[in-house]
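*Asks:* See start15.cif below, with mmCIF, C-alpha atoms.
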data_query
loop_
_atom_site.label_atom_id
_atom_site.label_comp_id
_atom_site.auth_asym_id
_atom_site.auth_seq_id
_atom_site.Cartn_x
_atom_site.Cartn_y
_atom_site.Cartn_z
CA MET A 1 66.30 44.50 -38.29
CA PRO A 2 64.09 41.41 -38.76
CA PRO A 3 60.65 41.93 -40.30
CA THR A 4 57.55 42.60 -38.25
CA THR A 5 55.82 39.23 -38.32
CA ILE A 6 52.13 38.31 -38.39
CA CYS A 7 51.06 34.70 -37.95
CA LEU A 8 47.63 33.63 -39.23
CA ILE A 9 46.36 30.74 -37.18
CA ASN A 10 43.26 28.70 -36.41
CA GLN A 11 42.83 24.99 -35.79
CA LYS A 12 40.20 24.62 -38.48
CA GLY A 13 40.63 24.39 -42.24
CA GLY A 14 38.75 26.62 -44.65
CA CYS A 15 39.00 29.71 -42.45
CA GLY A 16 40.77 31.79 -45.08
CA LYS A 17 44.30 31.72 -43.64
CA SER A 18 46.06 30.98 -46.93
CA SER A 19 43.75 33.20 -48.96
CA THR A 20 44.24 36.12 -46.59
CA CYS A 21 48.03 35.72 -46.70
CA PHE A 22 47.94 35.54 -50.49
CA HIS A 23 45.85 38.65 -51.07
CA LEU A 24 47.20 40.67 -48.15
CA ALA A 25 50.76 40.15 -49.39
CA GLY A 26 49.80 41.76 -52.67
CA THR A 27 48.24 44.75 -50.94
CA PHE A 28 51.24 45.28 -48.65
CA ALA A 29 53.56 45.08 -51.67
CA GLN A 30 51.47 47.64 -53.54
CA GLN A 31 51.89 49.92 -50.53
CA GLY A 32 55.66 49.69 -50.89
CA LEU A 33 56.43 47.14 -48.17
CA ARG A 34 58.90 44.34 -48.80
CA VAL A 35 56.90 41.22 -47.98
CA LEU A 36 58.18 37.80 -46.93
CA LEU A 37 55.71 34.91 -46.95
CA VAL A 38 56.48 31.82 -44.87
CA ASP A 39 54.35 28.83 -45.81
CA ALA A 40 54.19 26.71 -42.65
CA ASP A 41 51.26 24.58 -43.82
CA PRO A 42 52.32 21.18 -45.25
CA GLN A 43 49.46 21.47 -47.76
CA GLY A 44 51.50 24.20 -49.45
CA SER A 45 48.46 26.10 -50.73
CA LEU A 46 50.11 29.50 -50.38
CA SER A 47 53.22 28.29 -52.18
CA GLN A 48 51.16 26.82 -55.00
CA GLY A 49 49.20 30.05 -55.30
CA PHE A 50 52.36 31.97 -56.19
CA LEU A 51 54.61 29.34 -57.76
CA GLY A 52 52.25 26.77 -59.27
CA SER A 53 51.32 23.29 -58.09
CA ALA A 54 53.68 21.25 -60.25
CA PHE A 55 56.71 23.36 -59.34
CA VAL A 56 56.00 23.30 -55.60
CA GLU A 57 55.20 19.59 -55.40
CA ASN A 58 58.54 18.71 -57.01
CA LEU A 59 60.72 20.86 -54.76
CA PRO A 60 63.28 18.82 -52.80
CA VAL A 61 63.18 19.02 -49.02
CA GLU A 62 66.30 21.20 -48.88
CA SER A 63 64.50 23.89 -50.92
CA THR A 64 61.50 24.13 -48.60
CA LEU A 65 60.71 25.16 -45.04
CA ALA A 66 61.03 21.49 -44.08
CA ALA A 67 64.82 21.87 -44.29
CA LEU A 68 64.68 23.69 -40.95
CA PHE A 69 63.28 20.59 -39.25
CA ASP A 70 65.14 17.86 -41.17
CA ASP A 71 68.32 16.85 -39.36
CA THR A 72 69.74 15.29 -42.53
CA CYS A 73 69.88 18.70 -44.22
CA GLY A 74 72.66 19.81 -41.89
CA PHE A 75 73.53 23.51 -42.11
CA VAL A 76 70.78 25.40 -43.92
CA ASP A 77 71.58 28.54 -45.88
CA PHE A 78 68.46 30.55 -45.12
CA GLN A 79 68.92 32.70 -48.22
CA SER A 80 68.68 29.59 -50.37
CA LEU A 81 65.10 29.03 -49.17
CA LEU A 82 63.89 32.36 -50.54
CA ARG A 83 61.92 32.24 -53.79
CA SER A 84 61.08 35.31 -55.82
CA THR A 85 57.56 35.66 -57.20
CA GLU A 86 56.46 37.51 -60.30
CA PHE A 87 55.40 40.38 -58.06
CA GLU A 88 57.90 42.98 -57.02
CA ARG A 89 58.51 43.04 -53.24
CA ILE A 90 56.92 39.61 -52.61
CA THR A 91 59.22 36.72 -51.67
CA ILE A 92 58.13 33.32 -50.38
CA ILE A 93 59.67 30.44 -48.47
CA PRO A 94 57.72 27.54 -49.98
CA THR A 95 56.45 24.33 -48.45
CA ASN A 96 55.21 21.02 -49.76
CA GLN A 97 54.42 17.53 -48.48
CA HIS A 98 57.93 17.11 -47.02
CA LEU A 99 56.92 19.23 -44.02
CA ALA A 100 54.05 16.97 -42.92
CA GLN A 101 56.23 14.38 -41.14
CA TYR A 102 57.71 17.08 -38.88
CA ASN A 103 54.39 18.58 -37.77
CA MET A 104 54.34 16.74 -34.45
CA PRO A 105 51.28 16.93 -32.15
CA VAL A 106 53.20 17.70 -28.93
CA PRO A 107 55.38 20.63 -29.99
CA GLU A 108 56.63 21.40 -26.50
CA ASN A 109 58.68 18.17 -26.65
CA GLN A 110 60.52 19.09 -29.85
CA GLY A 111 63.49 20.86 -28.30
CA LEU A 112 65.29 23.41 -30.45
CA LYS A 113 62.98 22.73 -33.41
CA GLN A 114 60.47 24.98 -31.66
CA TYR A 115 62.81 27.89 -32.47
CA ALA A 116 63.48 26.95 -36.11
CA ILE A 117 61.29 29.62 -37.72
CA ARG A 118 62.38 32.28 -35.23
CA GLU A 119 66.05 31.64 -36.07
CA LEU A 120 65.18 31.92 -39.75
CA LEU A 121 63.33 35.22 -39.43
CA ASP A 122 65.93 36.73 -37.11
CA SER A 123 68.51 36.28 -39.87
CA LEU A 124 66.47 37.96 -42.63
CA THR A 125 66.75 41.74 -42.54
CA ASP A 126 65.73 42.69 -46.08
CA PHE A 127 61.98 42.61 -45.43
CA ASP A 128 59.54 44.97 -43.76
CA ILE A 129 56.80 42.50 -42.93
CA ALA A 130 56.44 38.72 -42.83
CA LEU A 131 53.21 36.72 -43.00
CA ILE A 132 53.20 33.11 -41.76
CA ASP A 133 50.47 30.80 -43.04
CA CYS A 134 49.80 28.00 -40.53
CA PRO A 135 48.15 24.58 -40.87
CA PRO A 136 44.68 23.88 -39.44
CA ASN A 137 46.02 22.52 -36.16
CA LEU A 138 48.16 23.60 -33.22
CA TYR A 139 51.03 21.17 -33.78
CA LEU A 140 54.72 21.96 -34.25
CA CYS A 141 54.40 24.06 -37.42
CA SER A 142 51.85 26.40 -35.82
CA TRP A 143 53.71 26.38 -32.51
CA ALA A 144 57.06 27.26 -34.13
CA ALA A 145 55.32 30.02 -36.07
CA MET A 146 53.94 31.47 -32.84
CA VAL A 147 57.36 31.23 -31.18
CA ALA A 148 58.69 33.32 -34.08
CA THR A 149 55.91 35.86 -34.50
CA ASP A 150 55.24 39.33 -33.16
CA TYR A 151 51.48 39.23 -33.73
CA VAL A 152 48.69 36.72 -34.24
CA VAL A 153 45.59 37.13 -36.41
CA ILE A 154 42.85 34.51 -36.08
CA PRO A 155 40.66 34.18 -39.21
CA VAL A 156 37.14 33.10 -38.25
CA PRO A 157 34.22 32.32 -40.59
CA PRO A 158 30.96 33.40 -38.92
CA GLU A 159 29.48 29.95 -38.50
CA ASP A 160 29.43 27.19 -35.93
CA PHE A 161 32.41 25.16 -37.15
CA GLY A 162 34.41 28.33 -37.71
CA THR A 163 33.98 29.58 -34.15
CA GLN A 164 34.49 26.25 -32.40
CA GLY A 165 37.79 25.89 -30.61
CA LEU A 166 38.68 29.58 -30.37
CA ARG A 167 39.38 29.24 -26.67
CA THR A 168 41.88 26.50 -27.46
CA VAL A 169 43.64 28.82 -29.91
CA HIS A 170 43.71 31.58 -27.29
CA GLN A 171 45.16 29.15 -24.76
CA ALA A 172 47.85 28.09 -27.22
CA VAL A 173 48.86 31.74 -27.63
CA GLU A 174 49.08 32.07 -23.86
CA ASN A 175 51.10 28.86 -23.56
CA VAL A 176 53.64 29.95 -26.15
CA ARG A 177 54.41 33.08 -24.10
CA LYS A 178 56.81 30.91 -22.10
CA LEU A 179 59.05 30.90 -25.19
CA ASN A 180 57.90 34.15 -26.81
CA PRO A 181 56.73 36.59 -24.11
CA ASP A 182 56.27 39.39 -26.66
CA ILE A 183 53.62 37.65 -28.77
CA ARG A 184 50.39 39.69 -29.08
CA ARG A 185 46.98 39.08 -30.62
CA LEU A 186 46.04 41.65 -33.25
CA GLY A 187 42.51 40.31 -33.35
CA HIS A 188 39.97 37.96 -34.87
CA LEU A 189 39.33 38.48 -38.57
CA VAL A 190 35.83 37.63 -39.81
CA THR A 191 36.28 35.88 -43.15
CA ARG A 192 34.09 34.34 -45.85
CA TYR A 193 31.22 36.54 -44.72
CA ASP A 194 27.95 36.55 -46.67
CA SER A 195 25.67 39.32 -45.46
CA ARG A 196 22.67 37.62 -47.08
CA LEU A 197 22.86 34.70 -44.66
CA LEU A 198 21.10 35.14 -41.33
CA VAL A 199 23.42 32.58 -39.74
CA HIS A 200 26.43 34.70 -40.74
CA GLN A 201 24.79 37.82 -39.37
CA SER A 202 24.02 36.03 -36.11
CA TYR A 203 27.51 34.61 -35.56
CA HIS A 204 29.09 37.90 -36.58
CA GLU A 205 27.10 39.69 -33.90
CA LYS A 206 27.97 37.01 -31.33
CA LEU A 207 31.68 37.32 -32.08
CA ARG A 208 31.62 41.08 -31.62
CA THR A 209 29.56 40.80 -28.44
CA LEU A 210 31.90 38.21 -26.99
CA TYR A 211 35.29 39.62 -28.09
CA ARG A 212 34.45 43.30 -28.70
CA ASP A 213 37.53 45.21 -29.88
CA GLN A 214 39.43 41.95 -30.24
CA VAL A 215 37.48 41.53 -33.50
CA LEU A 216 38.95 43.50 -36.38
CA THR A 217 36.63 46.11 -37.89
CA THR A 218 37.40 44.86 -41.40
CA VAL A 219 35.21 41.99 -42.61
CA VAL A 220 36.37 39.85 -45.52
CA SER A 221 33.45 38.75 -47.65
CA GLU A 222 32.91 35.60 -49.69
CA ALA A 223 33.62 37.52 -52.90
CA SER A 224 34.14 35.82 -56.25
CA ALA A 225 37.01 38.21 -57.03
CA PHE A 226 39.13 36.50 -54.36
CA LYS A 227 38.66 33.09 -55.93
CA VAL A 228 39.05 34.22 -59.54
CA SER A 229 42.22 36.17 -58.85
CA LEU A 230 43.67 33.22 -56.92
CA ALA A 231 42.90 30.94 -59.85
CA CYS A 232 44.86 33.40 -62.01
CA ARG A 233 47.69 33.36 -59.43
CA LYS A 234 47.42 37.07 -58.78
CA PRO A 235 46.54 38.77 -55.47
CA VAL A 236 43.24 40.56 -55.87
CA GLY A 237 44.88 43.98 -55.61
CA PHE A 238 46.79 43.21 -58.80
CA TYR A 239 44.06 41.28 -60.59
CA SER A 240 41.08 43.53 -59.85
CA PRO A 241 42.33 46.66 -58.05
CA ARG A 242 38.97 48.46 -58.15
CA SER A 243 36.88 45.57 -56.87
CA PRO A 244 35.21 45.56 -53.44
CA ALA A 245 37.45 42.62 -52.56
CA ALA A 246 40.58 44.65 -53.24
CA LYS A 247 39.16 47.49 -51.14
CA GLN A 248 38.62 45.07 -48.26
CA MET A 249 42.28 44.03 -48.44
CA GLU A 250 43.33 47.69 -48.43
CA GLN A 251 41.18 48.32 -45.37
CA LEU A 252 42.56 45.22 -43.66
CA SER A 253 46.16 46.17 -44.34
CA GLN A 254 45.64 49.66 -42.93
CA GLU A 255 43.85 48.36 -39.85
CA LEU A 256 46.58 45.83 -39.13
CA LEU A 257 49.32 48.44 -39.52
CA GLU A 258 47.43 50.85 -37.27
CA ARG A 259 46.99 48.18 -34.60
CA ILE A 260 50.67 47.25 -34.87
CA ALA A 261 51.67 50.89 -34.49
CA SER A 262 49.48 51.26 -31.41
CA ARG A 263 51.07 48.18 -29.85
CA GLY A 264 54.65 49.17 -30.48
CA ALA A 265 55.69 48.10 -33.96
CA ARG A 266 59.16 47.62 -35.29
CA GLN A 267 60.13 51.06 -36.51
CA HIS A 268 60.31 50.37 -40.24
CA VAL A 269 56.67 49.23 -40.42
CA ALA A 270 55.21 51.80 -38.08
#
Now, as a test, write the supplied structure out as structure tokens.
*Replies:*
Amino acid sequence: MPPTTICLINQKGGCGKSSTCFHLAGTFAQQGLRVLLVDADPQGSLSQGFLGSAFVENLPVESTLAALFDDTCGFVDFQSLLRSTEFERITIIPTNQHLAQYNMPVPENQGLKQYAIRELLDSLTDFDIALIDCPPNLYLCSWAAMVATDYVVIPVPPEDFGTQGLRTVHQAVENVRKLNPDIRRLGHLVTRYDSRLLVHQSYHEKLRTLYRDQVLTTVVSEASAFKVSLACRKPVGFYSPRSPAAKQMEQLSQELLERIASRGARQHVA
């Protein structure tokens, strides 16, 4: 059975998509789940977080997610794209700058390439859960991720730039139902929250008033432990397991799994 898949998406950078994937993968792995990470962002931040910048930047196209979209690669052995990390139960399909040229702005015109990530995930049965990190736009990479995913999480910083364009993201999810009728929103995730800032408090309240139970209960704070552990290339649950940041990831993982179970999860994750 293919993994239960969660796509993290927003059309703005700096929302915490890559960071959430990085740290959440560690927490899921600590809970005994076999985690697959798919880096669909040409910036490759998630890949660099686990494998190092120099290594990722020098990967040839045939060793990255871009191979799925590059016609010159011919037949792609999906297993050859998998990269082990130093953490048990965490595997990643890396990405680097090669992917950028395929991230086209009108994804609906890209034919079978819209299904590239779905075909990949449907062939991989050794994982319990997959997390897809998307670029800060709604072009082909994000579109193909949504075509492939079971669930969508939308990270949202509680500030003006962070909340702009949410309706466009929601509309994109609705549009992709033509190709993936089973896609479901798990909710908005408030990220980079600083309770000392009145503007964060205000936007947080507005989000919950506007979207109610569509906003996840868990709030991810702007904690230094997230940044320090990332700099050390370790998910916060491994680097600082007793920190408030690690506790937030534990709470988030449980809430996501509970929401998945209530919406009809694949059996091995429920």
*Asks:* If we count all atoms listed in the file, what is near A:Ala148 at a cut-off of 12 Å, once residues fewer than 5 positions away on the same chain are taken out, given as a PyMOL selection string?
*Replies:* chain A and resi 2-7+38+40+113-123+130-132+141-143+173+176-177+179-184
*Asks:* So which residues get picked by the PyMOL selection byres ((chain A and resi 24) around 10) here, written as a PyMOL selection string?
*Replies:* chain A and resi 18-23+25-30+35+131+235-237+246+248-250+252-253
*Asks:* Go through the shown structure with the PyMOL selection byres ((chain A and resi 239) around 10) and write out the matching residues as a PyMOL selection string.
*Replies:* chain A and resi 26+225-226+228-230+232-238+240-243+246
*Asks:* One decimal, in Å: what's the spacing between atom CA of A:Ala66 and atom CA of A:Gly111?
*Replies:*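 Distance between the two atoms: 16.0 Å.
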*Asks:* Rank A:Asp70, A:Glu222, A:Asp126, A:Asp77 by their smallest atom-to-atom distance to A:Ile90, using only C-alpha atoms, and report the top residue only.
*Replies:* A:Asp126
*Asks:* Take the PyMOL selection byres ((chain A and resi 49) around 8), apply it to the structure above, and return the hits as a PyMOL selection string.
*Replies:* chain A and resi 22+45-48+50-53+230-231+233
*Asks:* With a distance cut-off of 10 Å and only C-alpha atoms, select the neighbouring residues of A:Met104, excluding the residue or stretch itself and same-chain residues fewer than 5 positions from it, and output the selection as a list in words.
*Replies:*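 Listing them by chain and then by number gives Asn109, Gln110, Leu138, Tyr139, Leu140, Cys141 and Trp143 of chain A.
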*Asks:* Those same residues, written as a PDB file, in the coordinates of the input with C-alpha atoms?
*Replies:*
ATOM      1  CA  ASN A 109      58.680  18.170 -26.650  1.00  0.00           C
ATOM      2  CA  GLN A 110      60.520  19.090 -29.850  1.00  0.00           C
ATOM      3  CA  LEU A 138      48.160  23.600 -33.220  1.00  0.00           C
ATOM      4  CA  TYR A 139      51.030  21.170 -33.780  1.00  0.00           C
ATOM      5  CA  LEU A 140      54.720  21.960 -34.250  1.00  0.00           C
ATOM      6  CA  CYS A 141      54.400  24.060 -37.420  1.00  0.00           C
ATOM      7  CA  TRP A 143      53.710  26.380 -32.510  1.00  0.00           C
TER       8      TRP A 143
END
*Asks:* Report, in Å with one decimal, the straight-line distance from atom CA of A:Leu197 to atom CA of A:Ser224.
*Replies:*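 These two atoms are separated by 16.2 Å.
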*Asks:* When you look at stretch 185-191 of chain A with a cut-off of 8 Å (counting all atoms listed in the file), what residues show up, excluding the ones that are within fewer than 4 positions of it in the same chain? I need them as a PyMOL selection string.
*Replies:* chain A and resi 15-16+151-158+204+213-216+218-222+256+259-260
*Asks:* Select, from A:Ala245, A:Leu36, A:Leu8, A:Val147, the residue with the minimum atom-to-atom distance to A:Thr125, counting all atoms listed in the file.
*Replies:*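 Nearest candidate to A:Thr125 out of A:Ala245, A:Leu36, A:Leu8, A:Val147: A:Leu36.
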*Asks:* For stretch 252-260 of chain A, take all atoms listed in the file, fit an axis-aligned box around them, add 4 Å to each of the six sides, then output centre and edge lengths in Å rounded to one decimal, as lines of an AutoDock Vina configuration file.
*Replies:*
center_x = 46.6
center_y = 48.0
center_z = -39.5
size_x = 16.1
size_y = 13.6
size_z = 17.7
*Asks:* Report the distance between atom CA of A:Arg263 and atom CA of A:Arg167 in Å, rounded to one decimal place.
*Replies:*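 Computed distance, atom CA of A:Arg263 to atom CA of A:Arg167, equals 22.5 Å.
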*Asks:* Just checking: using all atoms listed in the file, which residue out of A:Pro105, A:Asp128, A:Val169, A:Ser80 ends up closest to A:Gly32?
*Replies:* A:Asp128
*Asks:* Hey, what's within 9 Å of A:Gly13 if we count all atoms listed in the file and toss same-chain stuff fewer than 2 positions away? As a list in words, please?
*Replies:*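 Near A:Gly13, the qualifying residues are Asn10, Gln11, Cys15, Gly16, Lys17, Pro135, Pro136, Asn137 and Gly162 of chain A.
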*Asks:* Could you dump the residues just selected with C-alpha atoms as a CSV table (one decimal), in the frame of the given file?
*Replies:*
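Generated file (part-v1.csv):
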chain,number,residue,atom,x,y,z
A,10,ASN,CA,43.3,28.7,-36.4
A,11,GLN,CA,42.8,25.0,-35.8
A,15,CYS,CA,39.0,29.7,-42.4
A,16,GLY,CA,40.8,31.8,-45.1
A,17,LYS,CA,44.3,31.7,-43.6
A,135,PRO,CA,48.2,24.6,-40.9
A,136,PRO,CA,44.7,23.9,-39.4
A,137,ASN,CA,46.0,22.5,-36.2
A,162,GLY,CA,34.4,28.3,-37.7
*Asks:* If you count only C-alpha atoms, which residues fall within 6 Å of A:Asn96, apart from same-chain ones fewer than 6 positions away, as a short mmCIF file (atom, residue, chain, number, x, y, z; two decimals) with C-alpha atoms, in the coordinates of the input?
*Replies:*
data_model
loop_
_atom_site.label_atom_id
_atom_site.label_comp_id
_atom_site.auth_asym_id
_atom_site.auth_seq_id
_atom_site.Cartn_x
_atom_site.Cartn_y
_atom_site.Cartn_z
CA PRO A 42 52.32 21.18 -45.25
CA GLY A 44 51.50 24.20 -49.45
CA GLU A 57 55.20 19.59 -55.40
#
*Asks:* My list of candidates is A:Tyr102, A:Arg208, A:Ser84, A:Gln251. Which is closest to A:Leu68 when distances are computed with all atoms listed in the file?
*Replies:* A:Tyr102
